[in-house]
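File shown here: model21.cif, holding mmCIF, C-alpha atoms.
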data_upload
#
loop_
_atom_site.label_atom_id
_atom_site.label_comp_id
_atom_site.auth_asym_id
_atom_site.auth_seq_id
_atom_site.Cartn_x
_atom_site.Cartn_y
_atom_site.Cartn_z
CA MET D 22 5.03 4.24 -38.75
CA SER D 23 1.49 5.03 -39.72
CA THR D 24 1.01 8.71 -40.45
CA TYR D 25 -2.74 8.61 -40.13
CA LEU D 26 -4.61 7.99 -36.93
CA ARG D 27 -8.30 7.73 -36.37
CA ALA D 28 -9.83 9.52 -33.42
CA ARG D 29 -11.43 6.23 -32.43
CA GLU D 30 -8.02 4.57 -32.29
CA ILE D 31 -6.63 7.37 -30.16
CA SER D 32 -9.39 7.10 -27.61
CA GLN D 33 -8.38 4.33 -25.21
CA GLU D 34 -4.69 4.99 -25.89
CA PRO D 35 -2.64 5.19 -22.69
CA VAL D 36 -1.08 8.48 -21.65
CA VAL D 37 2.52 7.61 -20.79
CA THR D 38 5.22 9.77 -19.21
CA LEU D 39 8.76 9.74 -20.59
CA ALA D 40 9.63 7.88 -17.38
CA GLY D 41 7.43 5.00 -18.57
CA GLU D 42 4.44 5.36 -16.23
CA ASP D 43 0.90 5.30 -17.59
CA VAL D 44 -1.08 7.98 -15.83
CA ALA D 45 -4.41 8.02 -17.65
CA ARG D 46 -6.24 6.94 -20.72
CA ILE D 47 -7.51 9.12 -23.57
CA LYS D 48 -11.27 9.40 -23.70
CA ASP D 49 -11.91 11.88 -26.50
CA VAL D 50 -9.93 13.94 -28.92
CA VAL D 51 -11.15 17.52 -28.79
CA PHE D 52 -10.37 19.58 -31.85
CA ASP D 53 -11.39 22.73 -33.62
CA PRO D 54 -13.33 21.55 -36.67
CA MET D 55 -13.03 24.93 -38.34
CA ARG D 56 -9.25 24.93 -38.21
CA GLY D 57 -8.50 21.23 -37.96
CA SER D 58 -6.23 21.72 -34.96
CA ILE D 59 -6.31 19.51 -31.86
CA THR D 60 -7.02 21.49 -28.72
CA CYS D 61 -6.98 18.88 -25.99
CA PHE D 62 -7.77 15.35 -24.91
CA THR D 63 -10.28 14.41 -22.27
CA LEU D 64 -9.10 11.63 -19.99
CA SER D 65 -10.38 8.69 -18.08
CA GLY D 66 -8.52 7.12 -15.21
CA ARG D 67 -6.92 3.72 -15.15
CA GLY D 68 -6.99 0.99 -12.56
CA LEU D 69 -8.20 2.27 -9.21
CA LEU D 70 -8.90 5.68 -10.65
CA ALA D 71 -11.04 4.31 -13.47
CA GLY D 72 -13.94 6.47 -14.51
CA PRO D 73 -13.83 9.97 -15.88
CA LEU D 74 -10.85 11.91 -14.63
CA LYS D 75 -11.50 15.52 -13.83
CA ARG D 76 -8.42 16.41 -15.72
CA ALA D 77 -7.66 17.15 -19.31
CA LEU D 78 -4.52 17.13 -21.37
CA LEU D 79 -4.00 20.31 -23.36
CA TRP D 80 -2.39 19.86 -26.75
CA LYS D 81 0.53 22.15 -25.88
CA LYS D 82 1.46 19.79 -23.03
CA VAL D 83 1.66 16.74 -25.29
CA HIS D 84 5.16 15.51 -26.07
CA ALA D 85 4.02 13.27 -28.94
CA LEU D 86 0.91 11.66 -30.34
CA GLY D 87 1.77 8.17 -31.53
CA PRO D 88 -0.12 5.13 -32.79
CA ASP D 89 0.37 3.28 -29.49
CA ALA D 90 0.52 5.97 -26.84
CA VAL D 91 0.21 9.67 -26.15
CA MET D 92 3.47 10.73 -24.56
CA ILE D 93 3.81 13.48 -21.96
CA ARG D 94 6.86 14.75 -20.14
CA ASP D 95 5.57 13.99 -16.65
CA GLU D 96 2.40 13.85 -14.65
CA ASP D 97 2.42 17.63 -14.16
CA SER D 98 1.44 17.92 -17.81
CA LEU D 99 -2.11 16.92 -16.96
CA GLU D 100 -4.25 19.95 -16.37
CA GLU D 101 -5.28 20.18 -12.73
CA ASP D 102 -7.64 23.00 -13.43
CA ASP D 103 -10.32 21.69 -15.71
CA GLU D 104 -11.72 25.11 -16.59
CA ALA D 105 -9.39 25.88 -19.45
CA ALA D 106 -10.11 22.54 -21.04
CA ARG D 107 -13.84 22.74 -20.49
CA GLU D 108 -14.10 26.03 -22.35
CA ARG D 109 -12.47 24.42 -25.33
CA ILE D 110 -14.58 21.30 -25.15
CA GLU D 111 -17.73 23.35 -25.25
CA ALA D 112 -16.68 25.22 -28.38
CA PRO D 113 -19.07 24.52 -31.31
CA GLY D 114 -18.81 20.97 -32.52
CA GLY D 115 -15.66 20.37 -30.43
CA GLY D 116 -14.93 16.70 -30.27
CA SER D 117 -18.45 15.64 -30.98
CA VAL D 118 -18.63 15.72 -34.75
CA ILE D 119 -18.91 11.93 -34.87
CA GLY D 120 -22.50 11.31 -35.78
CA ALA D 121 -22.91 14.70 -37.47
CA ARG D 122 -24.19 14.76 -41.05
CA VAL D 123 -22.07 16.24 -43.78
CA MET D 124 -24.16 18.52 -45.93
CA THR D 125 -23.08 20.57 -48.93
CA GLU D 126 -24.06 24.20 -49.27
CA GLU D 127 -26.36 23.10 -52.03
CA GLY D 128 -28.18 20.76 -49.73
CA SER D 129 -27.01 17.29 -50.67
CA ALA D 130 -26.18 15.01 -47.80
CA LEU D 131 -22.79 13.30 -48.20
CA GLY D 132 -23.25 10.95 -45.26
CA THR D 133 -22.67 10.78 -41.53
CA ILE D 134 -19.26 11.26 -39.93
CA THR D 135 -18.11 7.95 -38.45
CA ASP D 136 -14.51 8.83 -37.62
CA VAL D 137 -11.99 11.64 -37.68
CA ILE D 138 -8.71 11.17 -39.54
CA ILE D 139 -5.67 12.85 -38.03
CA GLU D 140 -2.39 13.23 -39.83
CA THR D 141 0.50 12.96 -37.39
CA SER D 142 3.56 13.90 -39.42
CA GLY D 143 4.51 17.33 -38.14
CA THR D 144 1.88 19.00 -35.99
CA PRO D 145 -1.11 16.66 -35.91
CA LYS D 146 -4.03 18.00 -37.86
CA VAL D 147 -7.48 16.77 -38.74
CA ILE D 148 -7.27 16.20 -42.49
CA GLY D 149 -10.64 14.69 -43.10
CA TYR D 150 -13.46 12.48 -42.00
CA GLU D 151 -14.58 8.95 -42.56
CA VAL D 152 -18.14 9.27 -43.77
CA GLY D 153 -20.52 6.36 -43.57
CA PRO D 154 -22.58 5.27 -46.55
CA THR D 155 -25.62 7.16 -47.69
CA ALA D 156 -28.43 5.57 -49.64
CA ARG D 157 -27.06 7.30 -52.70
CA THR D 158 -23.36 6.39 -52.45
CA GLY D 159 -23.72 3.04 -50.72
CA GLN D 160 -20.13 3.06 -49.47
CA THR D 161 -17.85 4.50 -46.81
CA VAL D 162 -15.64 7.26 -48.13
CA PHE D 163 -13.05 9.65 -46.80
CA LEU D 164 -13.81 13.32 -47.26
CA PRO D 165 -11.14 15.98 -47.10
CA VAL D 166 -12.41 18.96 -45.20
CA ILE D 167 -10.27 22.03 -45.49
CA ARG D 168 -12.65 24.84 -44.73
CA PRO D 169 -16.08 23.81 -43.56
CA LYS D 170 -18.61 26.61 -43.87
CA SER D 171 -20.11 25.92 -40.49
CA VAL D 172 -20.27 23.20 -37.87
CA SER D 173 -22.78 22.24 -35.23
CA GLU D 174 -23.18 19.04 -33.27
CA GLU D 175 -25.77 18.00 -35.78
CA MET D 176 -24.23 19.00 -39.04
CA MET D 177 -21.15 20.08 -40.91
CA VAL D 178 -21.74 22.25 -43.96
CA VAL D 179 -19.05 21.98 -46.63
CA PRO D 180 -18.48 23.55 -50.06
CA ALA D 181 -20.40 21.76 -52.80
CA CYS D 182 -17.26 20.69 -54.67
CA THR D 183 -16.07 18.65 -51.64
CA ALA D 184 -18.13 15.78 -53.02
CA ASP D 185 -15.80 15.58 -56.04
CA PHE D 186 -12.75 14.88 -53.93
CA THR D 187 -13.45 11.75 -51.95
CA ALA D 188 -10.77 9.15 -51.18
CA GLY D 189 -11.09 5.41 -50.71
CA ASP D 190 -8.74 5.26 -47.72
CA PRO D 191 -7.06 7.67 -45.28
CA ALA D 192 -3.83 7.62 -47.29
CA GLY D 193 -5.70 9.12 -50.24
CA LEU D 194 -6.80 12.13 -48.20
CA PRO D 195 -3.80 14.44 -48.73
CA ALA D 196 -4.14 14.19 -52.53
CA ALA D 197 -7.89 14.70 -52.26
CA ALA D 198 -7.34 17.69 -49.96
CA GLU D 199 -4.83 19.17 -52.39
CA GLY D 200 -7.30 18.82 -55.26
CA LEU D 201 -10.03 20.41 -53.21
CA ARG D 202 -7.77 23.27 -52.16
CA ARG D 203 -6.98 24.07 -55.78
CA ARG D 204 -10.61 23.95 -56.76
CA LEU D 205 -11.58 26.24 -53.90
CA GLU D 206 -8.89 28.70 -54.95
CA GLN D 207 -10.15 28.68 -58.55
CA GLU D 208 -13.68 29.26 -57.39
CA ALA D 209 -12.72 32.06 -55.04
CA MET Z 19 28.92 -8.48 -24.06
CA MET Z 20 26.85 -10.15 -21.43
CA LEU Z 21 23.19 -11.03 -21.57
CA PHE Z 22 21.21 -10.65 -18.40
CA SER Z 23 19.57 -14.02 -19.03
CA THR Z 24 22.97 -15.66 -18.54
CA ALA Z 25 23.47 -13.76 -15.27
CA GLN Z 26 20.15 -14.88 -13.83
CA GLY Z 27 20.59 -17.59 -11.23
CA ARG Z 28 24.18 -16.57 -10.51
CA THR Z 29 25.17 -16.59 -6.83
CA VAL Z 30 25.96 -13.35 -5.02
CA ILE Z 31 28.66 -13.58 -2.37
CA ALA Z 32 29.61 -11.16 0.41
CA LEU Z 33 33.40 -10.84 0.57
CA SER Z 34 33.62 -9.69 4.19
CA THR Z 35 31.84 -12.74 5.57
CA ALA Z 36 32.17 -15.30 2.75
CA GLU Z 37 28.40 -15.73 2.84
CA ARG Z 38 26.12 -16.63 -0.05
CA LEU Z 39 23.53 -13.87 -0.10
CA GLY Z 40 21.29 -15.33 -2.74
CA THR Z 41 20.88 -15.72 -6.48
CA ILE Z 42 20.13 -13.10 -9.13
CA THR Z 43 16.53 -13.07 -10.33
CA ALA Z 44 16.02 -9.67 -11.90
CA CYS Z 45 17.50 -6.22 -12.31
CA THR Z 46 16.44 -2.61 -12.65
CA ILE Z 47 17.82 -0.11 -15.14
CA ALA Z 48 18.02 3.69 -15.17
CA PRO Z 49 18.87 6.28 -17.85
CA SER Z 50 21.52 9.01 -18.30
CA PRO Z 51 23.81 7.25 -18.64
CA ALA Z 52 21.92 4.01 -19.17
CA HIS Z 53 23.00 1.48 -16.58
CA ILE Z 54 21.90 -1.35 -14.37
CA SER Z 55 20.89 0.32 -11.12
CA SER Z 56 20.27 -2.75 -8.98
CA LEU Z 57 20.16 -6.52 -8.86
CA HIS Z 58 17.23 -8.33 -7.36
CA LEU Z 59 18.05 -11.49 -5.43
CA ARG Z 60 16.24 -14.52 -4.22
CA THR Z 61 17.47 -15.00 -0.68
CA ARG Z 62 16.85 -17.73 1.86
CA GLY Z 63 14.10 -15.77 3.51
CA ARG Z 64 10.69 -15.60 1.95
CA HIS Z 65 11.03 -12.14 0.46
CA GLY Z 66 13.24 -10.86 -2.33
CA HIS Z 67 16.10 -8.51 -1.66
CA VAL Z 68 17.79 -5.77 -3.62
CA MET Z 69 21.49 -4.93 -4.01
CA LEU Z 70 22.44 -1.62 -5.63
CA TRP Z 71 24.87 -2.00 -8.50
CA LYS Z 72 27.36 0.39 -6.87
CA ASN Z 73 27.98 -2.27 -4.21
CA VAL Z 74 29.06 -4.84 -6.79
CA GLN Z 75 32.76 -5.57 -6.54
CA SER Z 76 33.09 -8.00 -9.40
CA PHE Z 77 30.80 -9.78 -11.80
CA GLY Z 78 32.59 -13.10 -12.06
CA GLU Z 79 31.90 -16.14 -14.20
CA ASP Z 80 30.73 -18.23 -11.28
CA ALA Z 81 29.65 -15.66 -8.75
CA VAL Z 82 29.01 -11.98 -8.26
CA THR Z 83 30.88 -10.50 -5.33
CA VAL Z 84 29.87 -7.59 -3.13
CA ARG Z 85 31.79 -6.15 -0.21
CA SER Z 86 29.32 -7.05 2.50
CA ALA Z 87 25.72 -7.94 3.18
CA GLU Z 88 25.10 -4.39 4.44
CA GLY Z 89 23.83 -3.12 1.12
CA LEU Z 90 21.12 -5.76 0.97
CA LYS Z 91 17.63 -4.29 1.32
CA PRO Z 92 14.28 -6.08 1.46
CA GLU Z 93 12.36 -5.40 -1.75
CA LYS Z 94 9.21 -4.38 0.08
CA GLU Z 95 10.96 -1.51 1.86
CA LEU Z 96 11.56 0.33 -1.41
CA GLU Z 97 9.36 3.23 -2.53
CA SER Z 98 8.16 3.09 -6.11
CA ALA Z 99 10.12 6.25 -6.94
CA GLU Z 100 13.43 4.62 -5.98
CA GLU Z 101 15.63 3.48 -8.82
CA ALA Z 102 15.92 -0.03 -7.45
CA HIS Z 103 12.14 -0.52 -7.19
CA LYS Z 104 10.78 -3.50 -9.12
CA SER Z 105 8.79 -1.15 -11.39
CA HIS Z 106 12.09 -0.28 -13.09
CA ASP Z 107 12.68 -3.87 -14.18
CA PRO Z 108 12.65 -3.78 -18.01
CA LEU Z 109 12.21 -7.49 -18.75
CA GLY Z 110 8.89 -8.39 -20.32
CA LYS Z 111 7.90 -4.74 -20.61
CA ARG Z 112 6.71 -3.01 -23.77
CA VAL Z 113 9.04 -0.54 -25.43
CA LEU Z 114 7.64 2.82 -26.57
CA THR Z 115 9.50 5.51 -28.45
CA GLU Z 116 9.07 9.01 -27.14
CA ALA Z 117 6.91 9.55 -30.23
CA GLY Z 118 4.44 7.00 -28.89
CA GLU Z 119 5.19 4.08 -31.19
CA SER Z 120 5.48 0.55 -29.89
CA MET Z 121 8.78 -1.25 -30.52
CA GLY Z 122 8.10 -4.69 -29.09
CA ILE Z 123 8.69 -6.29 -25.72
CA VAL Z 124 12.01 -6.45 -23.86
CA GLU Z 125 13.29 -10.03 -23.91
CA ASP Z 126 16.82 -9.57 -22.66
CA ILE Z 127 19.39 -6.90 -21.96
CA ASP Z 128 22.98 -6.69 -23.02
CA PHE Z 129 25.24 -5.04 -20.44
CA ASP Z 130 28.86 -4.50 -19.55
CA GLU Z 131 29.61 -6.65 -16.53
CA LYS Z 132 32.55 -4.42 -15.54
CA ASP Z 133 30.67 -1.20 -14.96
CA GLY Z 134 27.03 -2.12 -15.32
CA SER Z 135 26.47 0.10 -18.36
CA LEU Z 136 23.59 -0.89 -20.57
CA ARG Z 137 24.68 -1.73 -24.11
CA ALA Z 138 21.35 -2.66 -25.62
CA LEU Z 139 17.81 -3.75 -25.02
CA LEU Z 140 16.92 -6.86 -26.98
CA THR Z 141 13.28 -6.69 -27.95
CA THR Z 142 10.89 -8.85 -29.92
CA GLU Z 143 11.39 -6.37 -32.76
CA GLY Z 144 15.17 -6.02 -32.61
CA LYS Z 145 17.98 -4.34 -30.75
CA VAL Z 146 17.73 -0.88 -29.20
CA PRO Z 147 21.09 0.72 -28.26
CA GLY Z 148 21.31 1.42 -24.52
CA ASP Z 149 22.08 5.11 -24.95
CA ARG Z 150 18.56 5.64 -26.32
CA LEU Z 151 17.00 4.83 -22.95
CA LYS Z 152 14.84 7.68 -21.61
CA GLY Z 153 13.04 5.98 -18.76
CA VAL Z 154 11.63 2.78 -17.31
CA GLY Z 155 8.35 2.80 -15.49
CA GLY Z 156 5.59 0.49 -14.43
CA TYR Z 157 4.00 0.63 -17.88
CA ALA Z 158 6.80 0.84 -20.43
CA VAL Z 159 10.44 1.34 -21.30
CA VAL Z 160 10.68 4.66 -23.15
CA VAL Z 161 13.45 5.14 -25.72
CA ARG Z 162 14.51 7.88 -28.10
CA ARG Z 163 13.58 7.35 -31.71
CA PRO Z 164 16.22 5.96 -34.02
CA GLY Z 165 18.03 8.27 -36.45
#
Could you quickly redo this structure as C-alpha cells?
Amino acid sequence: MSTYLRAREISQEPVVTLAGEDVARIKDVVFDPMRGSITCFTLSGRGLLAGPLKRALLWKKVHALGPDAVMIRDEDSLEEDDEAARERIEAPGGGSVIGARVMTEEGSALGTITDVIIETSGTPKVIGYEVGPTARTGQTVFLPVIRPKSVSEEMMVVPACTADFTAGDPAGLPAAAEGLRRRLEQEA
Amino acid sequence: MMLFSTAQGRTVIALSTAERLGTITACTIAPSPAHISSLHLRTRGRHGHVMLWKNVQSFGEDAVTVRSAEGLKPEKELESAEEAHKSHDPLGKRVLTEAGESMGIVEDIDFDEKDGSLRALLTTEGKVPGDRLKGVGGYAVVVRRPG
C-alpha cells in the first residue's frame, strides 16, 4: 500500500460507500495549509449527475482515504448543506495552493507548487509539496512544509532553512520534515 | 468447496411440478453472514428470472432443486435496493478494501453448496475469505482489510 498520495491523484477518485456503490467523484482536496489537515473534499457527480455536485464531503465523514477510492459509510455522509463546506473552502489558500509560489522569508523563490503530498498512514496529513523547477534549481523537488509563515492563493512563505531540506521523491519527505523540524527548534 | 463457475449452466428444477425452470447464469451475494442471496436463471422466456437462495432445496451434481416455481421472479421487477438485484452480482467487479485500496477483480466465488455460505472470493490478485465481505454494490465489492 502506498502511504503517500498526491492531491492530483485523489481528485477523480470515486467516492464509494461500504455497500459498494459509487456516489460521486472527488474534485478537489480542501485542506488547511497552515496546519496540514484535510478539511473536506469538493465533489463532482458521476453519470447522469455529472457536473459539479452541490455537495461536499467533510473529512470527519470519511471512512478511509485510499489510493483507489475514498470510502464513506453511506450516502448520508455527503453534506446536504453546502454552507459548512463552503466556509472552509474559502479559508485562505484552502485547496488552491497549486500554482502558488513558494517564497522564503528572505525572499528567494523556491519554485511553484505543482502538487500536494498527503501521507495516509494514520490521520491523513499534508506533509509537503511537489515544487516545479525554478531557473536556479532546474529540477522538481519535494519540500517539507511544517509551519508556513503565511499562505495566500498567490504565495506560500516558508522559513529560510526549508530550502536545505528538499527531497527527491515523496518517500523522502518524512526524513526531510524531521530534519527541518529539528532545525526550526534549534533556531527558535 | 464449490466454484460458482462450475454451477453456471446447471439446470434448476421445480420439485412440485417436475418442471425445468431454467439454467443458472449468475448469482448475487450479501454480507453478515456472507452468503449467496439469489441465483439468476436463464428461462425460456426472453427475460431473466431470479430465485432466492432460501428456496433452494438441494444443490445437486446434475441439477439444483427448488420446491416450486412460485419463488421465481422476473429480474426486471426487482428494485435496486433488493438483495437479489443484479447490482449485487460480484463477478467481474472490482474489489476495494474499506480503506480504499483496490484488490483486483472478482473472477469466481467459492461457496458451500449445502447452505449457500460464501467461503471466498477469488480475485485476480488472490483469495479473499468470505467473512471479510462488507458489501456488494453497483461499483465494487467492499471487503475488510486483511490482518
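Selected on chain Z by distance to chain D: His106, Val113, Leu114, Thr115, Glu116, Ala117, Gly118, Glu119, Ser120, Lys152, Gly153, Val154, Gly155, Gly156, Tyr157, Ala158, Val159, Val160 and Val161 of chain Z (within 9 Å, counting all atoms listed in the file).
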Residue contacts of Z:Gly66 (12 Å, all atoms listed in the file) excluding same-chain residues fewer than 6 positions away, as a PyMOL selection string: chain Z and resi 39-45+57-60+90-96+103-104
Those same residues - C-alpha atoms - I'd like them written as a PDB file, in the frame of the given file.
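Written file, out-v8.pdb:
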ATOM      1  CA  LEU Z  39      23.530 -13.870  -0.100  1.00  0.00           C
ATOM      2  CA  GLY Z  40      21.290 -15.330  -2.740  1.00  0.00           C
ATOM      3  CA  THR Z  41      20.880 -15.720  -6.480  1.00  0.00           C
ATOM      4  CA  ILE Z  42      20.130 -13.100  -9.130  1.00  0.00           C
ATOM      5  CA  THR Z  43      16.530 -13.070 -10.330  1.00  0.00           C
ATOM      6  CA  ALA Z  44      16.020  -9.670 -11.900  1.00  0.00           C
ATOM      7  CA  CYS Z  45      17.500  -6.220 -12.310  1.00  0.00           C
ATOM      8  CA  LEU Z  57      20.160  -6.520  -8.860  1.00  0.00           C
ATOM      9  CA  HIS Z  58      17.230  -8.330  -7.360  1.00  0.00           C
ATOM     10  CA  LEU Z  59      18.050 -11.490  -5.430  1.00  0.00           C
ATOM     11  CA  ARG Z  60      16.240 -14.520  -4.220  1.00  0.00           C
ATOM     12  CA  LEU Z  90      21.120  -5.760   0.970  1.00  0.00           C
ATOM     13  CA  LYS Z  91      17.630  -4.290   1.320  1.00  0.00           C
ATOM     14  CA  PRO Z  92      14.280  -6.080   1.460  1.00  0.00           C
ATOM     15  CA  GLU Z  93      12.360  -5.400  -1.750  1.00  0.00           C
ATOM     16  CA  LYS Z  94       9.210  -4.380   0.080  1.00  0.00           C
ATOM     17  CA  GLU Z  95      10.960  -1.510   1.860  1.00  0.00           C
ATOM     18  CA  LEU Z  96      11.560   0.330  -1.410  1.00  0.00           C
ATOM     19  CA  HIS Z 103      12.140  -0.520  -7.190  1.00  0.00           C
ATOM     20  CA  LYS Z 104      10.780  -3.500  -9.120  1.00  0.00           C
TER      21      LYS Z 104
END
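Distance annotation: of Z:Asp80, Z:Glu88, Z:Glu101, Z:Asp149, the residue with the minimal separation from Z:Phe129 is Z:Asp149; atom set is all atoms listed in the file.
Put simply, the PyMOL selection byres ((chain Z and resi 134) around 9) on this file hits Z:Ala52, Z:His53, Z:Ile54, Z:Ser55, Z:Trp71, Z:Lys72, Z:Phe129, Z:Asp130, Z:Glu131, Z:Lys132, Z:Asp133, Z:Ser135, Z:Leu136.
Taking atom CA of D:Ala184 and atom CA of D:Phe52 as the two end points, the separation is 22.9 Å.
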